[in-house]
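Raw contents of start32.pdb, PDB, C-alpha atoms and all ligand atoms:
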ATOM      1  CA  MET A   1      -5.924  -1.915 -23.166  1.00  0.00           C
ATOM      2  CA  PRO A   2      -2.180  -1.272 -22.670  1.00  0.00           C
ATOM      3  CA  ARG A   3       0.263  -3.669 -24.285  1.00  0.00           C
ATOM      4  CA  GLN A   4       2.087  -6.144 -22.070  1.00  0.00           C
ATOM      5  CA  LEU A   5       5.878  -5.676 -22.015  1.00  0.00           C
ATOM      6  CA  GLU A   6       8.625  -7.512 -20.138  1.00  0.00           C
ATOM      7  CA  ARG A   7       8.242  -9.309 -16.831  1.00  0.00           C
ATOM      8  CA  LEU A   8       9.478  -7.145 -13.972  1.00  0.00           C
ATOM      9  CA  TYR A   9       9.104  -9.579 -11.141  1.00  0.00           C
ATOM     10  CA  GLU A  10       7.974 -13.094 -10.337  1.00  0.00           C
ATOM     11  CA  GLY A  11       6.850 -13.823  -6.791  1.00  0.00           C
ATOM     12  CA  LYS A  12       5.487 -16.938  -5.142  1.00  0.00           C
ATOM     13  CA  ALA A  13       1.912 -16.344  -6.287  1.00  0.00           C
ATOM     14  CA  LYS A  14       2.053 -13.610  -8.943  1.00  0.00           C
ATOM     15  CA  ARG A  15       3.975 -12.252 -11.889  1.00  0.00           C
ATOM     16  CA  VAL A  16       4.191  -8.519 -12.596  1.00  0.00           C
ATOM     17  CA  TYR A  17       4.702  -7.104 -16.095  1.00  0.00           C
ATOM     18  CA  ARG A  18       5.497  -3.625 -17.309  1.00  0.00           C
ATOM     19  CA  THR A  19       3.113  -2.202 -19.922  1.00  0.00           C
ATOM     20  CA  ASP A  20       3.429   0.488 -22.576  1.00  0.00           C
ATOM     21  CA  ASP A  21       1.534   2.800 -20.195  1.00  0.00           C
ATOM     22  CA  PRO A  22       4.190   4.075 -17.740  1.00  0.00           C
ATOM     23  CA  ASP A  23       1.566   4.353 -14.963  1.00  0.00           C
ATOM     24  CA  LEU A  24       0.265   0.771 -15.210  1.00  0.00           C
ATOM     25  CA  TYR A  25       1.486  -2.742 -14.456  1.00  0.00           C
ATOM     26  CA  LEU A  26      -0.175  -6.014 -15.380  1.00  0.00           C
ATOM     27  CA  VAL A  27      -0.429  -8.605 -12.591  1.00  0.00           C
ATOM     28  CA  GLU A  28      -0.912 -12.287 -13.374  1.00  0.00           C
ATOM     29  CA  TYR A  29      -2.094 -14.583 -10.578  1.00  0.00           C
ATOM     30  CA  LYS A  30      -0.582 -18.099 -10.507  1.00  0.00           C
ATOM     31  CA  ASP A  31      -1.912 -21.391  -9.146  1.00  0.00           C
ATOM     32  CA  ASP A  32       1.343 -21.967  -7.225  1.00  0.00           C
ATOM     33  CA  ALA A  33       1.039 -22.005  -3.463  1.00  0.00           C
ATOM     34  CA  THR A  34       3.795 -21.840  -0.878  1.00  0.00           C
ATOM     35  CA  ALA A  35       3.790 -21.689   2.896  1.00  0.00           C
ATOM     36  CA  PHE A  36       6.321 -21.273   5.694  1.00  0.00           C
ATOM     37  CA  ASN A  37       8.515 -18.948   3.623  1.00  0.00           C
ATOM     38  CA  GLY A  38       8.527 -21.286   0.643  1.00  0.00           C
ATOM     39  CA  ALA A  39       9.391 -24.480   2.576  1.00  0.00           C
ATOM     40  CA  LYS A  40       6.057 -26.058   1.594  1.00  0.00           C
ATOM     41  CA  LYS A  41       5.135 -25.950  -2.091  1.00  0.00           C
ATOM     42  CA  GLY A  42       2.093 -26.995  -4.038  1.00  0.00           C
ATOM     43  CA  THR A  43      -0.514 -26.077  -6.577  1.00  0.00           C
ATOM     44  CA  ILE A  44      -4.081 -25.113  -5.881  1.00  0.00           C
ATOM     45  CA  GLN A  45      -6.153 -25.692  -8.994  1.00  0.00           C
ATOM     46  CA  ASN A  46      -7.681 -22.453 -10.361  1.00  0.00           C
ATOM     47  CA  LYS A  47      -6.284 -20.422  -7.442  1.00  0.00           C
ATOM     48  CA  GLY A  48      -4.928 -17.768  -9.797  1.00  0.00           C
ATOM     49  CA  VAL A  49      -8.302 -17.274 -11.433  1.00  0.00           C
ATOM     50  CA  LEU A  50     -10.162 -17.267  -8.119  1.00  0.00           C
ATOM     51  CA  ASN A  51      -7.746 -14.894  -6.335  1.00  0.00           C
ATOM     52  CA  ASN A  52      -7.713 -12.477  -9.274  1.00  0.00           C
ATOM     53  CA  GLN A  53     -11.519 -12.242  -9.228  1.00  0.00           C
ATOM     54  CA  ILE A  54     -11.783 -12.215  -5.413  1.00  0.00           C
ATOM     55  CA  SER A  55      -9.138  -9.461  -5.128  1.00  0.00           C
ATOM     56  CA  GLY A  56     -10.993  -7.521  -7.819  1.00  0.00           C
ATOM     57  CA  VAL A  57     -14.220  -7.690  -5.785  1.00  0.00           C
ATOM     58  CA  PHE A  58     -12.484  -6.488  -2.609  1.00  0.00           C
ATOM     59  CA  PHE A  59     -10.494  -3.706  -4.286  1.00  0.00           C
ATOM     60  CA  ARG A  60     -13.560  -2.398  -6.123  1.00  0.00           C
ATOM     61  CA  MET A  61     -15.640  -2.503  -2.944  1.00  0.00           C
ATOM     62  CA  LEU A  62     -12.904  -0.675  -0.978  1.00  0.00           C
ATOM     63  CA  GLU A  63     -12.452   1.985  -3.690  1.00  0.00           C
ATOM     64  CA  GLU A  64     -16.227   2.633  -3.575  1.00  0.00           C
ATOM     65  CA  ARG A  65     -15.827   3.297   0.136  1.00  0.00           C
ATOM     66  CA  GLY A  66     -12.929   5.746  -0.307  1.00  0.00           C
ATOM     67  CA  ILE A  67      -9.861   3.522   0.143  1.00  0.00           C
ATOM     68  CA  PRO A  68      -7.095   4.308  -2.388  1.00  0.00           C
ATOM     69  CA  THR A  69      -5.896   1.066  -4.025  1.00  0.00           C
ATOM     70  CA  HIS A  70      -3.712   0.116  -6.984  1.00  0.00           C
ATOM     71  CA  PHE A  71      -6.612  -1.681  -8.689  1.00  0.00           C
ATOM     72  CA  VAL A  72      -7.649  -0.460 -12.136  1.00  0.00           C
ATOM     73  CA  GLU A  73      -9.561  -3.327 -13.783  1.00  0.00           C
ATOM     74  CA  LEU A  74      -9.658  -7.044 -14.438  1.00  0.00           C
ATOM     75  CA  VAL A  75      -8.406  -7.793 -17.944  1.00  0.00           C
ATOM     76  CA  SER A  76      -8.665 -11.581 -18.084  1.00  0.00           C
ATOM     77  CA  ASP A  77      -9.444 -14.580 -15.881  1.00  0.00           C
ATOM     78  CA  ARG A  78      -6.156 -14.350 -14.067  1.00  0.00           C
ATOM     79  CA  GLU A  79      -4.866 -10.853 -14.855  1.00  0.00           C
ATOM     80  CA  MET A  80      -5.570  -7.364 -13.547  1.00  0.00           C
ATOM     81  CA  LEU A  81      -4.249  -3.938 -14.456  1.00  0.00           C
ATOM     82  CA  VAL A  82      -2.904  -1.977 -11.516  1.00  0.00           C
ATOM     83  CA  LYS A  83      -1.232   1.366 -10.898  1.00  0.00           C
ATOM     84  CA  THR A  84       2.567   1.265 -10.717  1.00  0.00           C
ATOM     85  CA  LEU A  85       3.875   1.188  -7.172  1.00  0.00           C
ATOM     86  CA  GLU A  86       7.087   1.642  -5.333  1.00  0.00           C
ATOM     87  CA  ILE A  87       6.434  -1.023  -2.732  1.00  0.00           C
ATOM     88  CA  VAL A  88       6.936  -0.249   0.973  1.00  0.00           C
ATOM     89  CA  PRO A  89       8.810  -3.340   2.245  1.00  0.00           C
ATOM     90  CA  VAL A  90       6.507  -3.811   5.242  1.00  0.00           C
ATOM     91  CA  GLU A  91       3.752  -6.421   5.529  1.00  0.00           C
ATOM     92  CA  VAL A  92       0.869  -5.060   7.572  1.00  0.00           C
ATOM     93  CA  VAL A  93      -1.199  -7.639   9.468  1.00  0.00           C
ATOM     94  CA  VAL A  94      -4.517  -6.795  11.135  1.00  0.00           C
ATOM     95  CA  ARG A  95      -6.102  -9.299  13.526  1.00  0.00           C
ATOM     96  CA  ASN A  96      -9.563  -9.573  15.065  1.00  0.00           C
ATOM     97  CA  ILE A  97      -9.433 -13.156  16.367  1.00  0.00           C
ATOM     98  CA  ALA A  98      -6.324 -14.967  17.628  1.00  0.00           C
ATOM     99  CA  ALA A  99      -4.961 -17.519  15.141  1.00  0.00           C
ATOM    100  CA  GLY A 100      -1.714 -18.568  13.488  1.00  0.00           C
ATOM    101  CA  SER A 101       1.470 -16.935  14.715  1.00  0.00           C
ATOM    102  CA  LEU A 102      -0.306 -14.676  17.238  1.00  0.00           C
ATOM    103  CA  ALA A 103      -2.017 -17.625  18.949  1.00  0.00           C
ATOM    104  CA  LYS A 104       1.335 -19.395  19.142  1.00  0.00           C
ATOM    105  CA  ARG A 105       3.430 -16.416  20.251  1.00  0.00           C
ATOM    106  CA  LEU A 106       1.085 -15.289  23.041  1.00  0.00           C
ATOM    107  CA  GLY A 107      -0.253 -18.714  24.060  1.00  0.00           C
ATOM    108  CA  LEU A 108      -3.846 -17.844  23.143  1.00  0.00           C
ATOM    109  CA  ALA A 109      -6.345 -20.490  22.076  1.00  0.00           C
ATOM    110  CA  GLU A 110      -7.064 -20.167  18.361  1.00  0.00           C
ATOM    111  CA  GLY A 111     -10.461 -18.492  18.107  1.00  0.00           C
ATOM    112  CA  THR A 112     -10.040 -16.159  21.090  1.00  0.00           C
ATOM    113  CA  VAL A 113     -11.802 -12.930  20.114  1.00  0.00           C
ATOM    114  CA  LEU A 114      -9.505  -9.921  20.592  1.00  0.00           C
ATOM    115  CA  SER A 115     -11.214  -7.019  22.376  1.00  0.00           C
ATOM    116  CA  SER A 116      -9.719  -4.569  19.882  1.00  0.00           C
ATOM    117  CA  PRO A 117      -7.939  -5.040  16.552  1.00  0.00           C
ATOM    118  CA  VAL A 118      -4.220  -5.826  16.669  1.00  0.00           C
ATOM    119  CA  LEU A 119      -1.881  -4.273  14.095  1.00  0.00           C
ATOM    120  CA  GLU A 120       1.516  -5.850  13.358  1.00  0.00           C
ATOM    121  CA  TYR A 121       4.338  -5.067  10.957  1.00  0.00           C
ATOM    122  CA  TYR A 122       6.749  -7.533   9.352  1.00  0.00           C
ATOM    123  CA  TYR A 123       9.858  -6.649   7.361  1.00  0.00           C
ATOM    124  CA  LYS A 124       9.443  -8.047   3.828  1.00  0.00           C
ATOM    125  CA  SER A 125      12.596 -10.149   3.469  1.00  0.00           C
ATOM    126  CA  ASP A 126      12.545 -13.771   2.303  1.00  0.00           C
ATOM    127  CA  GLU A 127      16.154 -14.088   3.418  1.00  0.00           C
ATOM    128  CA  LEU A 128      15.283 -13.155   7.002  1.00  0.00           C
ATOM    129  CA  GLY A 129      11.890 -14.933   7.006  1.00  0.00           C
ATOM    130  CA  ASP A 130       9.856 -11.700   7.352  1.00  0.00           C
ATOM    131  CA  PRO A 131      10.758 -10.761  10.963  1.00  0.00           C
ATOM    132  CA  MET A 132       8.279  -8.778  13.045  1.00  0.00           C
ATOM    133  CA  ILE A 133       9.238  -5.110  13.418  1.00  0.00           C
ATOM    134  CA  ASN A 134       7.704  -1.954  14.886  1.00  0.00           C
ATOM    135  CA  ASP A 135       7.501   1.743  14.017  1.00  0.00           C
ATOM    136  CA  TYR A 136      10.959   2.365  15.452  1.00  0.00           C
ATOM    137  CA  HIS A 137      12.618  -0.264  13.233  1.00  0.00           C
ATOM    138  CA  ILE A 138      10.752   1.073  10.209  1.00  0.00           C
ATOM    139  CA  ARG A 139      11.955   4.598  10.943  1.00  0.00           C
ATOM    140  CA  ALA A 140      15.544   3.630  11.785  1.00  0.00           C
ATOM    141  CA  LEU A 141      15.885   1.459   8.684  1.00  0.00           C
ATOM    142  CA  GLY A 142      14.258   4.132   6.523  1.00  0.00           C
ATOM    143  CA  LEU A 143      11.604   1.689   5.223  1.00  0.00           C
ATOM    144  CA  ALA A 144       8.933   4.418   5.307  1.00  0.00           C
ATOM    145  CA  SER A 145       8.517   7.867   6.852  1.00  0.00           C
ATOM    146  CA  PRO A 146       6.484   8.396  10.052  1.00  0.00           C
ATOM    147  CA  GLU A 147       3.885  10.263   7.970  1.00  0.00           C
ATOM    148  CA  GLN A 148       3.627   7.371   5.509  1.00  0.00           C
ATOM    149  CA  MET A 149       3.261   4.908   8.410  1.00  0.00           C
ATOM    150  CA  GLU A 150       0.502   7.011   9.964  1.00  0.00           C
ATOM    151  CA  ARG A 151      -1.357   6.878   6.652  1.00  0.00           C
ATOM    152  CA  ILE A 152      -0.708   3.123   6.313  1.00  0.00           C
ATOM    153  CA  ARG A 153      -2.056   2.498   9.822  1.00  0.00           C
ATOM    154  CA  ASP A 154      -5.169   4.590   9.192  1.00  0.00           C
ATOM    155  CA  ILE A 155      -5.897   2.845   5.876  1.00  0.00           C
ATOM    156  CA  ALA A 156      -5.254  -0.644   7.337  1.00  0.00           C
ATOM    157  CA  LEU A 157      -7.683  -0.054  10.226  1.00  0.00           C
ATOM    158  CA  ALA A 158     -10.286   1.464   7.886  1.00  0.00           C
ATOM    159  CA  VAL A 159      -9.958  -1.563   5.565  1.00  0.00           C
ATOM    160  CA  ASN A 160     -10.496  -3.800   8.589  1.00  0.00           C
ATOM    161  CA  SER A 161     -13.736  -2.026   9.616  1.00  0.00           C
ATOM    162  CA  ILE A 162     -15.071  -2.059   6.059  1.00  0.00           C
ATOM    163  CA  MET A 163     -14.169  -5.706   5.415  1.00  0.00           C
ATOM    164  CA  LEU A 164     -15.567  -6.886   8.790  1.00  0.00           C
ATOM    165  CA  GLU A 165     -18.956  -5.401   7.983  1.00  0.00           C
ATOM    166  CA  TYR A 166     -18.937  -6.484   4.331  1.00  0.00           C
ATOM    167  CA  LEU A 167     -17.981 -10.085   5.175  1.00  0.00           C
ATOM    168  CA  ALA A 168     -20.358 -10.405   8.153  1.00  0.00           C
ATOM    169  CA  ASP A 169     -23.147 -10.039   5.602  1.00  0.00           C
ATOM    170  CA  LYS A 170     -21.689 -13.051   3.734  1.00  0.00           C
ATOM    171  CA  ASN A 171     -21.540 -15.090   6.971  1.00  0.00           C
ATOM    172  CA  ILE A 172     -17.749 -14.865   7.074  1.00  0.00           C
ATOM    173  CA  ASP A 173     -15.669 -13.931  10.119  1.00  0.00           C
ATOM    174  CA  LEU A 174     -12.571 -11.941   9.167  1.00  0.00           C
ATOM    175  CA  VAL A 175     -10.020 -13.486  11.534  1.00  0.00           C
ATOM    176  CA  ASP A 176      -6.936 -11.649  10.231  1.00  0.00           C
ATOM    177  CA  PHE A 177      -5.308 -10.493   7.012  1.00  0.00           C
ATOM    178  CA  LYS A 178      -2.113  -9.091   5.509  1.00  0.00           C
ATOM    179  CA  LEU A 179      -1.868  -5.924   3.409  1.00  0.00           C
ATOM    180  CA  GLU A 180       0.944  -4.355   1.434  1.00  0.00           C
ATOM    181  CA  PHE A 181       1.246  -0.714   0.503  1.00  0.00           C
ATOM    182  CA  GLY A 182       3.175   1.298  -2.035  1.00  0.00           C
ATOM    183  CA  ILE A 183       3.752   4.829  -3.239  1.00  0.00           C
ATOM    184  CA  HIS A 184       2.142   5.953  -6.503  1.00  0.00           C
ATOM    185  CA  LYS A 185       2.754   9.558  -7.617  1.00  0.00           C
ATOM    186  CA  GLY A 186       3.725  10.478  -4.067  1.00  0.00           C
ATOM    187  CA  ALA A 187       0.657   8.996  -2.365  1.00  0.00           C
ATOM    188  CA  VAL A 188       0.364   5.889  -0.194  1.00  0.00           C
ATOM    189  CA  ILE A 189      -2.044   3.389  -1.764  1.00  0.00           C
ATOM    190  CA  LEU A 190      -3.041  -0.209  -1.031  1.00  0.00           C
ATOM    191  CA  GLY A 191      -1.336  -2.774  -3.264  1.00  0.00           C
ATOM    192  CA  ASP A 192      -0.797  -6.537  -3.599  1.00  0.00           C
ATOM    193  CA  GLU A 193      -3.892  -8.764  -3.287  1.00  0.00           C
ATOM    194  CA  ILE A 194      -6.750  -9.476  -0.891  1.00  0.00           C
ATOM    195  CA  SER A 195      -7.661 -13.137  -1.138  1.00  0.00           C
ATOM    196  CA  PRO A 196      -7.873 -16.425   0.777  1.00  0.00           C
ATOM    197  CA  ASP A 197      -4.051 -16.546   0.368  1.00  0.00           C
ATOM    198  CA  THR A 198      -3.643 -13.398   2.463  1.00  0.00           C
ATOM    199  CA  CYS A 199      -6.647 -13.483   4.807  1.00  0.00           C
ATOM    200  CA  ARG A 200      -8.118 -15.929   7.304  1.00  0.00           C
ATOM    201  CA  PHE A 201     -11.823 -16.380   6.628  1.00  0.00           C
ATOM    202  CA  TRP A 202     -13.981 -18.572   8.889  1.00  0.00           C
ATOM    203  CA  ASP A 203     -17.597 -19.511   8.331  1.00  0.00           C
ATOM    204  CA  LYS A 204     -19.486 -17.500  10.944  1.00  0.00           C
ATOM    205  CA  HIS A 205     -21.597 -20.448  12.119  1.00  0.00           C
ATOM    206  CA  THR A 206     -19.494 -23.590  11.632  1.00  0.00           C
ATOM    207  CA  ARG A 207     -16.076 -21.845  11.945  1.00  0.00           C
ATOM    208  CA  GLU A 208     -14.941 -23.913   8.969  1.00  0.00           C
ATOM    209  CA  LYS A 209     -11.714 -22.479   7.519  1.00  0.00           C
ATOM    210  CA  LEU A 210     -12.222 -20.935   4.061  1.00  0.00           C
ATOM    211  CA  ASP A 211      -8.623 -19.909   3.347  1.00  0.00           C
ATOM    212  CA  LYS A 212      -5.016 -20.951   2.789  1.00  0.00           C
ATOM    213  CA  ASP A 213      -4.785 -22.567   6.241  1.00  0.00           C
ATOM    214  CA  ARG A 214      -6.424 -25.571   4.511  1.00  0.00           C
ATOM    215  CA  PHE A 215      -3.236 -25.831   2.417  1.00  0.00           C
ATOM    216  CA  ARG A 216      -0.792 -24.885   5.213  1.00  0.00           C
ATOM    217  CA  ARG A 217      -2.283 -27.482   7.585  1.00  0.00           C
ATOM    218  CA  ASP A 218      -3.260 -30.182   5.032  1.00  0.00           C
ATOM    219  CA  LEU A 219      -6.965 -29.929   5.882  1.00  0.00           C
ATOM    220  CA  GLY A 220      -8.151 -30.952   2.397  1.00  0.00           C
ATOM    221  CA  ASN A 221     -10.704 -29.359   0.059  1.00  0.00           C
ATOM    222  CA  VAL A 222      -8.470 -26.318  -0.529  1.00  0.00           C
ATOM    223  CA  GLU A 223      -9.987 -25.480  -3.937  1.00  0.00           C
ATOM    224  CA  GLY A 224     -13.490 -25.925  -2.509  1.00  0.00           C
ATOM    225  CA  ALA A 225     -12.787 -23.308   0.164  1.00  0.00           C
ATOM    226  CA  TYR A 226     -11.552 -20.712  -2.359  1.00  0.00           C
ATOM    227  CA  GLU A 227     -14.576 -21.467  -4.574  1.00  0.00           C
ATOM    228  CA  GLU A 228     -16.890 -20.992  -1.587  1.00  0.00           C
ATOM    229  CA  VAL A 229     -15.411 -17.533  -0.885  1.00  0.00           C
ATOM    230  CA  PHE A 230     -15.858 -16.628  -4.580  1.00  0.00           C
ATOM    231  CA  LYS A 231     -19.480 -17.798  -4.426  1.00  0.00           C
ATOM    232  CA  ARG A 232     -20.299 -15.837  -1.269  1.00  0.00           C
ATOM    233  CA  LEU A 233     -18.767 -12.653  -2.696  1.00  0.00           C
ATOM    234  CA  THR A 234     -20.211 -12.817  -6.198  1.00  0.00           C
ATOM    235  CA  GLY A 235     -23.354 -14.884  -5.717  1.00  0.00           C
ATOM    236  CA  LYS A 236     -22.147 -17.022  -8.656  1.00  0.00           C
ATOM    237  CA  SER A 237     -20.766 -20.526  -8.494  1.00  0.00           C
ATOM    238  CA  PHE A 238     -17.325 -21.024  -9.997  1.00  0.00           C
ATOM    239  CA  SER A 239     -17.123 -23.549 -12.795  1.00  0.00           C
TER     240      SER A 239
HETATM  241  P1  LIG A 301       0.264 -15.392  10.691  1.00  0.00           P
HETATM  242  O1  LIG A 301      -0.727 -15.745  11.779  1.00  0.00           O
HETATM  243  O2  LIG A 301       0.946 -16.578  10.107  1.00  0.00           O
HETATM  244  O3  LIG A 301       1.236 -14.359  11.159  1.00  0.00           O
HETATM  245  O4  LIG A 301      -0.564 -14.731   9.486  1.00  0.00           O
HETATM  246  C1  LIG A 301      -1.364 -13.587   9.676  1.00  0.00           C
HETATM  247  C2  LIG A 301      -2.131 -13.272   8.405  1.00  0.00           C
HETATM  248  O5  LIG A 301      -1.252 -12.875   7.371  1.00  0.00           O
HETATM  249  C3  LIG A 301      -2.920 -14.447   7.839  1.00  0.00           C
HETATM  250  O6  LIG A 301      -4.172 -13.960   7.375  1.00  0.00           O
HETATM  251  C4  LIG A 301      -2.104 -14.949   6.687  1.00  0.00           C
HETATM  252  C5  LIG A 301      -1.365 -13.706   6.222  1.00  0.00           C
HETATM  253  N1  LIG A 301      -0.014 -14.002   5.744  1.00  0.00           N
HETATM  254  C6  LIG A 301       0.340 -13.696   4.439  1.00  0.00           C
HETATM  255  O7  LIG A 301      -0.474 -13.195   3.662  1.00  0.00           O
HETATM  256  N2  LIG A 301       1.607 -13.939   4.028  1.00  0.00           N
HETATM  257  C7  LIG A 301       2.545 -14.486   4.846  1.00  0.00           C
HETATM  258  O8  LIG A 301       3.693 -14.682   4.421  1.00  0.00           O
HETATM  259  C8  LIG A 301       2.172 -14.796   6.205  1.00  0.00           C
HETATM  260  C9  LIG A 301       3.162 -15.415   7.159  1.00  0.00           C
HETATM  261  C10 LIG A 301       0.888 -14.533   6.596  1.00  0.00           C
END
Show me this structure written as structure tokens.
Amino acid sequence: MPRQLERLYEGKAKRVYRTDDPDLYLVEYKDDATAFNGAKKGTIQNKGVLNNQISGVFFRMLEERGIPTHFVELVSDREMLVKTLEIVPVEVVVRNIAAGSLAKRLGLAEGTVLSSPVLEYYYKSDELGDPMINDYHIRALGLASPEQMERIRDIALAVNSIMLEYLADKNIDLVDFKLEFGIHKGAVILGDEISPDTCRFWDKHTREKLDKDRFRRDLGNVEGAYEEVFKRLTGKSFS
């Protein structure tokens, strides 16, 4: 196990540490929750532990199916080892069902099934509030090369197909999700996390929300929803 060195970065939900292995970072998941670009703040009890384990399950499952990710291994309740990344400052959102900002922007009822997946890009900038951008902005601003974006698009859509099928089996509808990518040793790989913080999960039958929208919209039982996702993925109850 590599030795933890200094903190490189602290975000809204995670801290990243350098290690004595130049190819590995240590990521620590926090219980802090924010929404609306940090305007709403709170704590979700055990979120860090749950999101670390949930992300671990998804990354492992995706790696088994050929998706390159930064995940190496879980090292404690709320920490995982990952490959070092030079992050591409683009948030990639994939949507299967209209919700959130898409429902609002296009005047669609939340829950409208999209006839094909929708891919969106947002420029990662807290200062600007993550504005939506397209391939032309990404190219003109030099955020990533066209070849890197082609790879990112292909991986994002493959992750969507794999996750849709995997989650259907757990009686979860994958409404939408956000991915981040980075470059490791010249190759584009999937980074960040995959959790109820970054995905919308609805119960297939009741359509109950099992994700961070419970926090964003003050729906109550936030911890219970994250625990339910953990239980459906691992078959174990969280205690
Ligand atoms: P949106 O409908 O608010 O644009 O969100 C789309 C998806 O992206 C949803 O699953 C939540 C996720 N998301 C993040 O992970 N981080 C963010 O900062 C935002 C705005 C959304």
I need the output of the PyMOL selection byres (((not hetatm)) within 8 of (chain A and resi 301)) for this file as a list of chain:residue names; which residues are they? A:Ala35, A:Phe36, A:Asn37, A:Glu91, A:Val93, A:Val94, A:Arg95, A:Ala99, A:Gly100, A:Ser101, A:Leu102, A:Ala103, A:Asp130, A:Val175, A:Asp176, A:Phe177, A:Lys178, A:Leu179, A:Pro196, A:Asp197, A:Thr198, A:Cys199, A:Arg200, A:Lys212
Apply the PyMOL selection byres (((chain A and resi 20) around 10) and not hetatm) to the file shown and report the selected residues as number ranges by chain. A: 1-6, 18-19, 21-25
Given only C-alpha atoms as the counted atoms, nearest of A:Phe230, A:Phe201, A:Tyr122, A:Tyr136 to Glu180 (chain A):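 Selected residue with least distance to Glu180 (chain A): A:Tyr122.
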Distance of CA of Tyr29 (chain A) from CA of Asn52 (chain A), expressed in Å to one decimal place: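 The value is 6.1 Å.
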I'd like to see the residues matched by the PyMOL selection byres (((chain A and resi 193) around 6) and not hetatm) on this file, and ideally I'd get them as an NGL selection string. :A and (55 or 192 or 194)
Between A:Tyr226, A:Phe59, A:Tyr17, A:Phe238, which has the minimum distance to Asp213 (chain A) (counting only C-alpha atoms)? A:Tyr226
Show which residues sit within 8 Å of region 142-150 of chain A, as a ChimeraX atom specification. Count all atoms listed in the file, and ignore same-chain residues fewer than 2 positions away. /A:88-90,135,138-140,152-154,188
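We find CA of Gly56 (chain A) and CA of Leu233 (chain A) to be spaced 10.6 Å apart.
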Which residue is closest to Asn46 (chain A)? Choose from A:Asp77, A:Leu26, A:Arg15, A:Thr206 and count all atoms listed in the file.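 Nearest to Asn46 (chain A): A:Asp77.
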Can you tell me how far CA of His205 (chain A) sits from CA of Val92 (chain A), in Å to one decimal? 27.6 Å
Restricting the calculation to all atoms listed in the file, which member of A:Ile44, A:Val82, A:Glu165, A:Arg151 is positioned closest to Arg60 (chain A)?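 Closest to Arg60 (chain A), using all atoms listed in the file: A:Val82.
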For Lys204 (chain A), please output as a PyMOL selection string all residues within 12 Å (counting all atoms listed in the file; exclusion window: fewer than 5 positions along the same chain). chain A and resi 111+164+167-175+209-210
Residues near Lys41 (chain A), anyone? I mean within 12 Å using only C-alpha atoms, not counting same-chain ones fewer than 3 positions away, as an mmCIF file with C-alpha atoms, in the frame of the given file.
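This is the output file selection.cif:
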data_model
loop_
_atom_site.group_PDB
_atom_site.id
_atom_site.type_symbol
_atom_site.label_atom_id
_atom_site.label_comp_id
_atom_site.auth_asym_id
_atom_site.auth_seq_id
_atom_site.Cartn_x
_atom_site.Cartn_y
_atom_site.Cartn_z
ATOM 1 C CA LYS A 12 5.487 -16.938 -5.142
ATOM 2 C CA ALA A 13 1.912 -16.344 -6.287
ATOM 3 C CA ASP A 31 -1.912 -21.391 -9.146
ATOM 4 C CA ASP A 32 1.343 -21.967 -7.225
ATOM 5 C CA ALA A 33 1.039 -22.005 -3.463
ATOM 6 C CA THR A 34 3.795 -21.840 -0.878
ATOM 7 C CA ALA A 35 3.790 -21.689 2.896
ATOM 8 C CA PHE A 36 6.321 -21.273 5.694
ATOM 9 C CA ASN A 37 8.515 -18.948 3.623
ATOM 10 C CA GLY A 38 8.527 -21.286 0.643
ATOM 11 C CA ILE A 44 -4.081 -25.113 -5.881
ATOM 12 C CA PHE A 215 -3.236 -25.831 2.417
ATOM 13 C CA ARG A 216 -0.792 -24.885 5.213
ATOM 14 C CA ASP A 218 -3.260 -30.182 5.032
#
From the set A:Glu110, A:Glu120, A:Glu127, A:Glu63, which residue has the shortest atom-to-atom contact distance to Ile97 (chain A), counting all atoms listed in the file? A:Glu110
When distances are computed from all atoms listed in the file, which of A:Gly191, A:Gly66, A:Gly48, A:Gly42 shows the smallest separation from Ile162 (chain A)?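 Using all atoms listed in the file, Ile162 (chain A) sits closest to A:Gly66.
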Within 12 Å of Ser239 (chain A), counting all atoms listed in the file, which residues qualify if same-chain residues fewer than 2 places away don't, as a list in words? Gln45, Asn46, Val49, Leu50, Glu223, Gly224, Glu227, Glu228, Phe230, Lys231, Lys236 and Ser237 of chain A
